[in-house]
file protein-v5.cif (mmCIF, C-alpha atoms)
data_entry
loop_
_atom_site.label_atom_id
_atom_site.label_comp_id
_atom_site.auth_asym_id
_atom_site.auth_seq_id
_atom_site.Cartn_x
_atom_site.Cartn_y
_atom_site.Cartn_z
CA MET A 434 -6.19 -4.17 -8.59
CA LYS A 435 -8.70 -2.01 -6.80
CA LEU A 436 -8.19 -0.04 -3.61
CA ARG A 437 -10.54 1.11 -0.88
CA PRO A 438 -9.79 3.76 1.76
CA ILE A 439 -9.28 2.46 5.30
CA GLY A 440 -9.68 6.02 6.59
CA HIS A 441 -8.48 9.55 5.91
CA LEU A 442 -5.54 11.78 6.78
CA HIS A 443 -6.10 15.13 8.41
CA THR A 444 -3.50 17.84 8.05
CA PRO A 445 -3.43 21.65 8.36
CA PHE A 446 -2.94 21.89 4.57
CA ARG A 447 -6.29 22.63 2.94
CA THR A 448 -5.04 23.01 -0.63
CA LEU A 449 -2.16 21.63 -2.69
CA ALA A 450 -0.61 25.09 -2.65
CA GLU A 451 -0.45 25.03 1.17
CA CYS A 452 1.35 21.67 1.31
CA PRO A 453 5.04 21.78 2.27
CA ARG A 454 7.60 20.24 -0.06
CA ASN A 455 7.98 17.35 2.33
CA GLY A 456 6.87 16.38 5.80
CA ARG A 457 10.08 17.52 7.49
CA GLN A 458 10.19 20.97 5.94
CA LEU A 459 8.12 22.69 8.64
CA ASP A 460 9.85 22.96 12.01
CA PRO A 461 8.18 22.17 14.30
CA ALA A 462 6.22 19.64 12.24
CA PRO A 463 2.50 20.26 12.78
CA LEU A 464 0.35 17.64 14.47
CA CYS A 465 -1.69 15.62 11.95
CA HIS A 466 -4.13 12.73 12.36
CA ALA A 467 -5.13 9.50 10.69
CA VAL A 468 -8.79 8.65 11.27
CA ILE A 469 -9.59 4.99 10.67
CA GLU A 470 -12.97 3.68 9.52
CA ALA A 471 -14.77 1.67 12.20
CA GLU A 472 -14.59 -1.62 10.28
CA PHE A 473 -10.77 -1.49 10.18
CA LEU A 474 -10.16 -0.69 13.87
CA PRO A 475 -9.24 -4.30 14.79
CA GLY A 476 -6.24 -3.92 12.48
CA LEU A 477 -4.68 -1.40 14.89
CA ARG A 478 -4.24 -3.92 17.70
CA CYS A 479 -0.71 -3.74 19.21
CA ILE A 480 0.36 -0.72 17.16
CA GLU A 481 1.23 1.10 20.40
CA GLY A 482 4.97 1.02 20.99
CA PHE A 483 6.03 1.74 17.42
CA SER A 484 7.58 5.21 17.35
CA HIS A 485 7.31 5.50 13.57
CA LEU A 486 4.89 4.23 10.93
CA ILE A 487 4.81 4.12 7.16
CA VAL A 488 1.56 5.46 5.76
CA LEU A 489 0.40 4.90 2.19
CA TYR A 490 -2.30 7.13 0.77
CA TRP A 491 -4.06 7.98 -2.46
CA LEU A 492 -2.90 11.24 -4.03
CA ASP A 493 -6.37 12.08 -5.26
CA GLN A 494 -5.61 15.71 -6.05
CA ALA A 495 -2.48 15.16 -8.15
CA GLU A 496 -3.32 16.03 -11.75
CA PRO A 497 -1.86 13.66 -14.37
CA ARG A 498 1.39 14.74 -16.04
CA GLY A 499 3.96 13.16 -18.28
CA LEU A 500 6.54 10.63 -17.15
CA SER A 501 9.33 13.18 -17.02
CA PHE A 502 9.40 16.88 -16.20
CA VAL A 503 11.59 19.67 -14.89
CA PRO A 504 11.05 19.91 -11.11
CA PRO A 505 10.29 23.46 -9.91
CA PHE A 506 13.62 23.83 -8.08
CA ASP A 507 15.65 22.28 -10.89
CA THR A 508 16.79 22.97 -14.46
CA ALA A 509 16.93 19.45 -16.00
CA GLU A 510 14.25 16.96 -16.91
CA ARG A 511 13.84 14.06 -14.45
CA GLY A 512 11.84 10.86 -14.70
CA VAL A 513 8.95 10.55 -12.27
CA PHE A 514 10.46 7.40 -10.71
CA ALA A 515 13.55 9.45 -9.82
CA THR A 516 11.36 11.95 -7.94
CA ARG A 517 8.83 11.94 -5.11
CA ALA A 518 6.40 14.04 -7.13
CA PRO A 519 2.72 13.27 -6.51
CA TRP A 520 1.74 12.85 -10.18
CA ARG A 521 2.67 9.21 -10.76
CA PRO A 522 1.25 6.40 -12.93
CA ASN A 523 -0.11 4.92 -9.69
CA PRO A 524 -0.59 7.94 -7.41
CA ILE A 525 0.28 6.25 -4.12
CA GLY A 526 1.90 8.58 -1.60
CA LEU A 527 4.24 7.35 1.11
CA SER A 528 5.34 9.06 4.29
CA VAL A 529 7.49 7.87 7.18
CA VAL A 530 5.75 9.52 10.13
CA ALA A 531 6.28 9.83 13.86
CA PHE A 532 3.46 8.11 15.77
CA ASP A 533 2.54 10.02 18.94
CA GLY A 534 -0.20 7.71 20.23
CA PHE A 535 -3.98 7.79 20.05
CA ALA A 536 -6.16 10.89 20.39
CA ALA A 537 -9.19 8.55 20.30
CA PRO A 538 -9.58 4.83 19.48
CA GLU A 539 -9.94 5.61 15.78
CA ARG A 540 -7.61 8.64 15.69
CA LEU A 541 -3.80 8.39 15.53
CA ARG A 542 -1.55 11.38 16.21
CA LEU A 543 1.06 11.70 13.46
CA ARG A 544 3.81 14.11 12.49
CA TYR A 545 5.63 14.59 9.14
CA LEU A 546 2.67 14.35 6.79
CA ASP A 547 2.73 16.71 3.81
CA CYS A 548 -0.51 15.82 2.02
CA VAL A 549 -3.76 17.73 1.64
CA ASP A 550 -6.37 17.49 4.41
CA GLY A 551 -8.82 14.67 3.73
CA THR A 552 -6.44 12.48 1.69
CA PRO A 553 -7.70 8.85 1.53
CA LEU A 554 -5.58 6.48 3.62
CA LEU A 555 -4.67 3.09 2.08
CA ASP A 556 -2.38 1.34 4.54
CA ILE A 557 -0.38 1.67 7.74
CA LYS A 558 2.77 -0.40 8.28
CA PRO A 559 5.09 -0.43 11.29
CA TYR A 560 8.47 1.16 10.54
CA LEU A 561 11.30 -1.31 11.08
CA PRO A 562 14.80 0.21 11.08
CA SER A 563 16.33 -3.19 10.31
CA VAL A 564 14.76 -3.20 6.83
CA ASP A 565 13.63 0.42 6.28
CA ALA A 566 16.50 2.61 7.51
CA GLU A 567 19.36 3.35 5.11
CA PRO A 568 20.81 6.51 6.64
CA ASP A 569 23.82 6.54 4.30
CA ALA A 570 21.91 6.05 1.04
CA ALA A 571 23.18 8.07 -1.92
CA THR A 572 20.60 10.46 -3.37
CA GLY A 573 21.72 10.92 -6.97
CA TRP A 574 20.59 14.12 -8.69
CA LEU A 575 18.68 15.15 -5.54
CA ALA A 576 21.84 15.27 -3.40
CA PRO A 577 22.30 19.07 -3.57
CA HIS A 578 18.65 19.54 -2.56
CA VAL A 579 18.32 17.00 0.24
CA GLY A 580 21.54 18.37 1.69
CA ARG A 581 19.49 21.35 2.74
CA ARG A 582 16.92 19.17 4.51
CA THR A 583 14.25 20.76 2.35
CA VAL A 584 13.90 17.58 0.39
CA ALA A 585 12.70 18.03 -3.13
CA ARG A 586 9.66 16.42 -4.60
CA MET B 943 -8.82 4.12 -7.12
CA LYS B 944 -7.53 1.72 -9.73
CA LEU B 945 -3.98 0.57 -10.26
CA ARG B 946 -2.08 -0.67 -13.29
CA PRO B 947 1.27 -2.48 -13.25
CA ILE B 948 4.25 -0.48 -14.52
CA GLY B 949 6.24 -3.72 -14.77
CA HIS B 950 7.05 -6.84 -12.78
CA LEU B 951 9.51 -7.97 -10.12
CA HIS B 952 11.68 -11.00 -10.70
CA THR B 953 13.06 -12.90 -7.74
CA PRO B 954 14.41 -16.42 -7.13
CA PHE B 955 11.28 -17.20 -5.06
CA ARG B 956 8.83 -19.13 -7.19
CA THR B 957 6.20 -19.77 -4.52
CA LEU B 958 5.04 -18.02 -1.36
CA ALA B 959 6.59 -20.87 0.62
CA GLU B 960 10.02 -20.09 -0.84
CA CYS B 961 9.90 -16.39 0.09
CA PRO B 962 12.11 -15.32 2.99
CA ARG B 963 10.53 -13.57 5.97
CA ASN B 964 12.00 -10.29 4.79
CA GLY B 965 14.41 -9.05 2.16
CA ARG B 966 17.39 -8.95 4.51
CA GLN B 967 17.03 -12.44 5.88
CA LEU B 968 19.16 -14.15 3.21
CA ASP B 969 22.86 -13.33 3.40
CA PRO B 970 24.08 -12.64 0.80
CA ALA B 971 20.83 -11.17 -0.53
CA PRO B 972 20.12 -12.68 -3.97
CA LEU B 973 20.11 -10.50 -7.06
CA CYS B 974 16.58 -9.60 -8.19
CA HIS B 975 15.26 -7.48 -11.04
CA ALA B 976 12.51 -5.02 -11.82
CA VAL B 977 11.47 -5.12 -15.46
CA ILE B 978 9.63 -1.98 -16.59
CA GLU B 979 7.01 -1.89 -19.35
CA ALA B 980 8.17 0.00 -22.46
CA GLU B 981 5.62 2.80 -22.07
CA PHE B 982 6.96 3.72 -18.61
CA LEU B 983 10.68 3.79 -19.46
CA PRO B 984 10.83 7.62 -19.69
CA GLY B 985 9.98 7.67 -15.98
CA LEU B 986 13.39 6.15 -15.15
CA ARG B 987 15.35 9.16 -16.38
CA CYS B 988 18.02 10.26 -13.85
CA ILE B 989 17.42 7.33 -11.50
CA GLU B 990 21.12 6.43 -11.75
CA GLY B 991 22.97 7.63 -8.69
CA PHE B 992 20.39 6.61 -6.11
CA SER B 993 21.85 3.75 -4.08
CA HIS B 994 18.47 2.71 -2.68
CA LEU B 995 14.91 2.77 -3.95
CA ILE B 996 11.48 2.18 -2.46
CA VAL B 997 9.43 -0.23 -4.53
CA LEU B 998 5.67 -0.67 -4.16
CA TYR B 999 4.05 -3.78 -5.56
CA TRP B 1000 0.77 -5.65 -5.62
CA LEU B 1001 0.70 -8.70 -3.34
CA ASP B 1002 -1.42 -10.65 -5.78
CA GLN B 1003 -0.85 -14.00 -4.10
CA ALA B 1004 -1.74 -13.00 -0.52
CA GLU B 1005 -5.01 -14.70 0.38
CA PRO B 1006 -7.46 -12.51 2.34
CA ARG B 1007 -7.47 -12.96 6.14
CA GLY B 1008 -8.97 -11.17 9.10
CA LEU B 1009 -7.73 -7.86 10.45
CA SER B 1010 -5.89 -9.47 13.34
CA PHE B 1011 -4.12 -12.80 13.74
CA VAL B 1012 -1.38 -14.60 15.63
CA PRO B 1013 1.86 -14.29 13.61
CA PRO B 1014 3.65 -17.63 13.05
CA PHE B 1015 6.59 -16.75 15.34
CA ASP B 1016 4.38 -15.24 18.05
CA THR B 1017 1.79 -16.19 20.68
CA ALA B 1018 -0.49 -13.12 20.81
CA GLU B 1019 -2.96 -11.66 18.35
CA ARG B 1020 -1.71 -8.60 16.44
CA GLY B 1021 -3.56 -6.18 14.19
CA VAL B 1022 -2.53 -6.25 10.55
CA PHE B 1023 -1.46 -2.57 10.66
CA ALA B 1024 1.03 -3.50 13.41
CA THR B 1025 2.60 -6.12 11.10
CA ARG B 1026 4.19 -6.30 7.67
CA ALA B 1027 2.09 -9.33 6.75
CA PRO B 1028 1.09 -9.49 3.06
CA TRP B 1029 -2.64 -10.03 3.67
CA ARG B 1030 -3.83 -6.44 4.08
CA PRO B 1031 -7.07 -4.58 3.21
CA ASN B 1032 -5.08 -2.98 0.37
CA PRO B 1033 -2.39 -5.55 -0.47
CA ILE B 1034 0.38 -3.11 -1.37
CA GLY B 1035 3.86 -4.42 -0.57
CA LEU B 1036 6.79 -2.12 0.16
CA SER B 1037 10.50 -2.86 0.11
CA VAL B 1038 13.52 -0.63 0.60
CA VAL B 1039 15.97 -2.13 -1.89
CA ALA B 1040 19.56 -1.60 -2.95
CA PHE B 1041 19.77 -0.41 -6.56
CA ASP B 1042 22.77 -1.89 -8.36
CA GLY B 1043 22.29 -0.24 -11.74
CA PHE B 1044 20.77 -1.38 -15.03
CA ALA B 1045 21.14 -4.84 -16.55
CA ALA B 1046 19.33 -3.49 -19.64
CA PRO B 1047 17.42 -0.23 -20.32
CA GLU B 1048 14.20 -1.74 -18.92
CA ARG B 1049 15.82 -3.98 -16.26
CA LEU B 1050 16.97 -2.72 -12.86
CA ARG B 1051 19.23 -4.80 -10.60
CA LEU B 1052 17.83 -4.87 -7.06
CA ARG B 1053 18.64 -6.56 -3.77
CA TYR B 1054 16.46 -7.10 -0.67
CA LEU B 1055 13.23 -8.14 -2.37
CA ASP B 1056 11.24 -10.87 -0.64
CA CYS B 1057 8.23 -11.27 -2.94
CA VAL B 1058 7.22 -14.02 -5.33
CA ASP B 1059 8.68 -14.02 -8.85
CA GLY B 1060 6.39 -12.17 -11.25
CA THR B 1061 4.85 -9.82 -8.67
CA PRO B 1062 3.24 -6.77 -10.39
CA LEU B 1063 5.21 -3.56 -9.78
CA LEU B 1064 3.24 -0.39 -8.96
CA ASP B 1065 5.77 2.35 -8.26
CA ILE B 1066 9.44 3.16 -7.76
CA LYS B 1067 10.49 6.08 -5.58
CA PRO B 1068 14.00 7.29 -4.77
CA TYR B 1069 15.00 6.58 -1.16
CA LEU B 1070 15.82 9.81 0.68
CA PRO B 1071 17.52 9.33 4.07
CA SER B 1072 16.45 12.83 5.14
CA VAL B 1073 12.79 11.79 5.20
CA ASP B 1074 12.88 7.96 5.08
CA ALA B 1075 15.63 6.90 7.52
CA GLU B 1076 14.73 6.57 11.19
CA PRO B 1077 17.49 4.25 12.42
CA ASP B 1078 16.51 4.64 16.08
CA ALA B 1079 12.78 3.97 15.66
CA ALA B 1080 11.17 1.88 18.40
CA THR B 1081 9.60 -1.33 17.15
CA GLY B 1082 6.94 -2.12 19.77
CA TRP B 1083 5.89 -5.76 20.04
CA LEU B 1084 8.28 -6.68 17.20
CA ALA B 1085 11.37 -5.53 19.15
CA PRO B 1086 12.42 -9.04 20.31
CA HIS B 1087 12.14 -10.29 16.73
CA VAL B 1088 13.80 -7.47 14.81
CA GLY B 1089 16.64 -7.60 17.31
CA ARG B 1090 17.66 -10.81 15.59
CA ARG B 1091 17.72 -9.11 12.17
CA THR B 1092 15.28 -11.74 10.95
CA VAL B 1093 12.51 -9.22 10.94
CA ALA B 1094 9.07 -10.69 11.43
CA ARG B 1095 6.20 -10.29 9.03
#

call {"tool": "encode", "arguments": {"input": "protein-v5.cif", "output": "structure tokens"}}
result
Amino acid sequence: MKLRPIGHLHTPFRTLAECPRNGRQLDPAPLCHAVIEAEFLPGLRCIEGFSHLIVLYWLDQAEPRGLSFVPPFDTAERGVFATRAPWRPNPIGLSVVAFDGFAAPERLRLRYLDCVDGTPLLDIKPYLPSVDAEPDAATGWLAPHVGRRTVAR
Amino acid sequence: MKLRPIGHLHTPFRTLAECPRNGRQLDPAPLCHAVIEAEFLPGLRCIEGFSHLIVLYWLDQAEPRGLSFVPPFDTAERGVFATRAPWRPNPIGLSVVAFDGFAAPERLRLRYLDCVDGTPLLDIKPYLPSVDAEPDAATGWLAPHVGRRTVAR
């Protein structure tokens, strides 16, 4: 199970410390870009028209930690699979982003990214509300935090 | 960028041919399970209370194809990043699933999976409507298909 980058993500966040807690925390959300390697450009055919995309990326700067920890905004220990923290057994990041069209044939305009500039991009999928949107989902221990729209990770 | 399974997904679909087009196609959606390896069980702490999860998995049975193709229900060529097809440069599958609690400490009850029985599981993330739900997203070339709630892949 080996991965290879299909491109990179470009954000205004140059270090982990500059990254927001999630991609919706900053208002307005800054413009970001996905830059796709030339060999993968044919895979973008017909992506125009989707307002939102799911991007998967490799959290290459997340240092390994244990499988449970006390989140910074919290007082109890939580398992990593009950959080969106970047230090995960398989450090794959996921963001639902707004797609604002192409800045160049290999350069997609995106909003709502929260990762470090230069993060390796693994996949782009079209967002489909019929299978991806659960607006009434219950958020367990995170409920008091997501209520504030500064979603915890 | 190497991955390791944290467990496996168990579904009623024993072959690719038996898999539905998407996890919401079958009504009622069959009960599926995620079985987590013992060493990763501490990562599940506090996952109770989330009604929905995002699962990432390794599409180990998807044969490689080109970067664009004509989907089976379609007449035009589409780029892989404009589809949810399983043959991708990095074959990571993603499903938003309903979480119906634990059948055993290492066994989660899930609905809305559409993958083959035994698929290697890579990650579980809690679904957060505040960052993951975009119920009004536009679906581009897929719009005529998702309108029928038998979402194309």

call {"tool": "residues_around", "arguments": {"input": "protein-v5.cif", "residues": "A:Arg540", "least_positions_apart": "3", "cutoff": "8 Å", "atoms": "all atoms listed in the file", "output": "VMD selection string"}}
result
chain A and resid 466 to 469 535 to 537

call {"tool": "resolve_selection", "arguments": {"input": "protein-v5.cif", "expression": "the PyMOL selection byres ((chain B and resi 1000-1013) around 10)", "output": "PyMOL selection string"}}
result
(chain A and resi 434+472-479) or (chain B and resi 945-947+950+957-958+998-999+1014-1025+1027-1036+1057-1058+1060-1065+1094-1095)

call {"tool": "closest_residue", "arguments": {"input": "protein-v5.cif", "among": "A:Arg542, A:His578, A:Lys558, A:His443", "to": "chain B", "atoms": "all atoms listed in the file"}}
result
A:Lys558

call {"tool": "residues_around", "arguments": {"input": "protein-v5.cif", "residues": "A:Asp569", "least_positions_apart": "4", "cutoff": "10 Å", "atoms": "all atoms listed in the file", "output": "PDB file with C-alpha atoms, keeping the file's coordinate frame"}}
result
ATOM      1  CA  SER B 993      21.850   3.750  -4.080  1.00  0.00           C
ATOM      2  CA  HIS B 994      18.470   2.710  -2.680  1.00  0.00           C
ATOM      3  CA  LEU B1070      15.820   9.810   0.680  1.00  0.00           C
ATOM      4  CA  PRO B1071      17.520   9.330   4.070  1.00  0.00           C
ATOM      5  CA  SER B1072      16.450  12.830   5.140  1.00  0.00           C
ATOM      6  CA  ALA B1075      15.630   6.900   7.520  1.00  0.00           C
TER       7      ALA B1075
END

call {"tool": "atom_distance", "arguments": {"input": "protein-v5.cif", "atom1": "atom CA of A:Leu575", "atom2": "atom CA of B:Arg966"}}
result
26.1 Å

call {"tool": "atom_distance", "arguments": {"input": "protein-v5.cif", "atom1": "atom CA of B:Glu979", "atom2": "atom CA of B:Val997"}}
result
15.1 Å

call {"tool": "closest_residue", "arguments": {"input": "protein-v5.cif", "among": "A:Ile480, A:Ala471, A:Ala462, A:Ala571", "to": "B:Arg1026", "atoms": "all atoms listed in the file"}}
result
A:Ile480
